[in-house]
Amino acid sequence: DPARKTEARYWAGLSWLASGDATRAASILEEVGRQPSPWRGPALAALGSAWEISKHPERARQAFMAALEAPRASTAAFAAERAAAYEKDAGRTRASSKLREQVVRDFPRSVEATSAREALAAPAASHPAPQERGRFAIEIGTFNNPARARSLVAAAKAAGFRDARVVTKGEGVGALHHVWLGSFLDSKRAESAGDAAGQALGVRWVVVDLD
């Protein structure tokens, strides 16, 4: 079944991205991104992350922009916000603002929308209001190497966990880089999210108390 094969290739690319091999991930995801399928948008968004990790900013920008032409709710907000960041870095402020306005309009409850609102309001407000948070998060990995942590975050975002982030504790050679997902008011919701992350990314997880 060609459709199942494309899906399998997409998840294989995410697995390589999560393991820190951005080059191999990019090769697979680029292949999936060339094919017309429901996985094209997510693959291109993940490809953008792979190029970011490999330090190819222009390729990353192009992949994120291409992902917007084949949107899917789980990755379109992420792709648009990353594309907006690259447009701003290139001095194309108007294009960046339009992309962020799109994120706020189309995905108002997403983590990316929060970032987009802050970026759009930055000239007018130097102290944005603090965001309410829950008590629990999910930890899906801990690394000495920050690049490995960023790779896992990229894979998690590409899999639909848009609030994946790196939390660094410690300094210098003793620093540890934790990959966290979500902010949950109760542990049951956190555990459900952990189960979903484990199935999607093939990772072990623990609930983290943020208090």
# chains A, B, ... in the order shown; residues from 1 in each chain; ligands from 1

$ residues_around --residues "Arg165 (chain A)" --least-positions-apart "5" --cutoff "7 Å" --atoms "only C-alpha atoms" --output "list in words"
Val153, Val179, Trp180 and Leu181 of chain A

$ write_last_selection --atoms "C-alpha atoms" --output "PDB file, in the first residue's frame"
ATOM      1  CA  VAL A 153      12.159  18.686  20.508  1.00  0.00           C
ATOM      2  CA  VAL A 179      13.007  17.768  27.012  1.00  0.00           C
ATOM      3  CA  TRP A 180       9.588  18.571  28.438  1.00  0.00           C
ATOM      4  CA  LEU A 181       6.101  18.475  26.965  1.00  0.00           C
TER       5      LEU A 181
END

$ residues_around --residues "Glu139 (chain A)" --least-positions-apart "5" --cutoff "10 Å" --atoms "only C-alpha atoms" --output "tab-separated table (two decimals) with N, CA and C atoms, in the first residue's frame"
chain	number	residue	atom	x	y	z
A	164	ALA	N	6.63	21.24	22.97
A	164	ALA	CA	7.90	20.62	23.37
A	164	ALA	C	8.96	21.70	23.54
A	165	ARG	N	9.81	21.51	24.53
A	165	ARG	CA	10.82	22.53	24.82
A	165	ARG	C	12.00	21.91	25.55
A	166	VAL	N	13.13	22.61	25.51
A	166	VAL	CA	14.33	22.20	26.25
A	166	VAL	C	14.43	23.03	27.51
A	167	VAL	N	14.62	22.36	28.63
A	167	VAL	CA	14.83	23.04	29.92
A	167	VAL	C	16.21	22.63	30.41
A	178	HIS	N	16.91	18.89	29.54
A	178	HIS	CA	15.71	18.08	29.66
A	178	HIS	C	14.71	18.48	28.58
A	179	VAL	N	14.05	17.50	28.00
A	179	VAL	CA	13.01	17.77	27.01
A	179	VAL	C	11.66	17.54	27.68
A	180	TRP	N	10.88	18.61	27.76
A	180	TRP	CA	9.59	18.57	28.44
A	180	TRP	C	8.47	18.84	27.44
A	181	LEU	N	7.32	18.25	27.74
A	181	LEU	CA	6.10	18.47	26.97
A	181	LEU	C	5.00	18.97	27.90
A	182	GLY	N	4.27	19.96	27.45
A	182	GLY	CA	3.02	20.33	28.09
A	182	GLY	C	3.13	21.03	29.42
A	194	GLY	N	1.76	11.59	28.21
A	194	GLY	CA	2.97	10.77	28.20
A	194	GLY	C	2.78	9.50	27.40
A	197	ALA	N	2.91	10.44	23.75
A	197	ALA	CA	4.28	10.73	23.32
A	197	ALA	C	5.09	9.45	23.18
A	203	VAL	N	9.63	6.85	22.98
A	203	VAL	CA	10.46	7.31	24.09
A	203	VAL	C	9.86	6.86	25.42
A	204	ARG	N	10.71	6.82	26.42
A	204	ARG	CA	10.23	6.63	27.79
A	204	ARG	C	9.94	8.01	28.38
A	205	TRP	N	9.01	8.07	29.30
A	205	TRP	CA	8.62	9.37	29.84
A	205	TRP	C	8.35	9.27	31.33
A	206	VAL	N	8.43	10.42	31.99
A	206	VAL	CA	8.07	10.52	33.40
A	206	VAL	C	7.31	11.82	33.59
A	207	VAL	N	6.45	11.84	34.60
A	207	VAL	CA	5.74	13.07	34.95
A	207	VAL	C	6.64	13.92	35.84
A	208	VAL	N	6.72	15.20	35.53
A	208	VAL	CA	7.56	16.14	36.29
A	208	VAL	C	6.65	17.11	37.03

$ select_by_dssp --residues "region 14-145 of chain A" --states "strand (DSSP E or B)" --output "PDB file with N, CA and C atoms, in the first residue's frame"
ATOM      1  N   PHE A 136       2.099  20.158  36.214  1.00  0.00           N
ATOM      2  CA  PHE A 136       2.848  18.995  35.758  1.00  0.00           C
ATOM      3  C   PHE A 136       3.274  19.130  34.295  1.00  0.00           C
ATOM      4  N   ALA A 137       4.392  18.500  33.974  1.00  0.00           N
ATOM      5  CA  ALA A 137       4.853  18.379  32.593  1.00  0.00           C
ATOM      6  C   ALA A 137       5.312  16.939  32.386  1.00  0.00           C
ATOM      7  N   ILE A 138       5.604  16.600  31.136  1.00  0.00           N
ATOM      8  CA  ILE A 138       6.134  15.283  30.794  1.00  0.00           C
ATOM      9  C   ILE A 138       7.583  15.443  30.353  1.00  0.00           C
ATOM     10  N   GLU A 139       8.461  14.648  30.931  1.00  0.00           N
ATOM     11  CA  GLU A 139       9.855  14.637  30.490  1.00  0.00           C
ATOM     12  C   GLU A 139      10.068  13.409  29.614  1.00  0.00           C
ATOM     13  N   ILE A 140      10.559  13.639  28.385  1.00  0.00           N
ATOM     14  CA  ILE A 140      10.742  12.526  27.449  1.00  0.00           C
ATOM     15  C   ILE A 140      12.209  12.280  27.116  1.00  0.00           C
ATOM     16  N   GLY A 141      13.102  13.009  27.751  1.00  0.00           N
ATOM     17  CA  GLY A 141      14.522  12.775  27.497  1.00  0.00           C
ATOM     18  C   GLY A 141      15.390  13.738  28.277  1.00  0.00           C
ATOM     19  N   THR A 142      16.593  13.281  28.629  1.00  0.00           N
ATOM     20  CA  THR A 142      17.581  14.115  29.306  1.00  0.00           C
ATOM     21  C   THR A 142      18.932  13.862  28.651  1.00  0.00           C
ATOM     22  N   PHE A 143      19.636  14.934  28.295  1.00  0.00           N
ATOM     23  CA  PHE A 143      20.865  14.801  27.513  1.00  0.00           C
ATOM     24  C   PHE A 143      21.966  15.715  28.049  1.00  0.00           C
TER      25      PHE A 143
END

$ residues_around --residues "Arg162 (chain A)" --least-positions-apart "3" --cutoff "9 Å" --atoms "only C-alpha atoms" --output "number ranges by chain"
A: 74-75, 77-78, 110-112, 153, 156-159, 165, 181-182

$ closest_residue --among "A:Ala90, A:Ala18, A:Ala95, A:Ala113" --to "Glu58 (chain A)" --atoms "only C-alpha atoms"
A:Ala90

$ atom_distance --atom1 "CA of Arg61 (chain A)" --atom2 "CA of Arg92 (chain A)"
12.5 Å

$ atom_distance --atom1 "CA of Ala79 (chain A)" --atom2 "CA of Ala154 (chain A)"
11.1 Å

$ select_by_dssp --residues "chain A" --states "helix (DSSP H, G or I)" --output "MDAnalysis selection string"
chainID A and resid 2:19 22:33 40:53 57:67 73:89 93:106 111:121 146:158 172:174 187:201
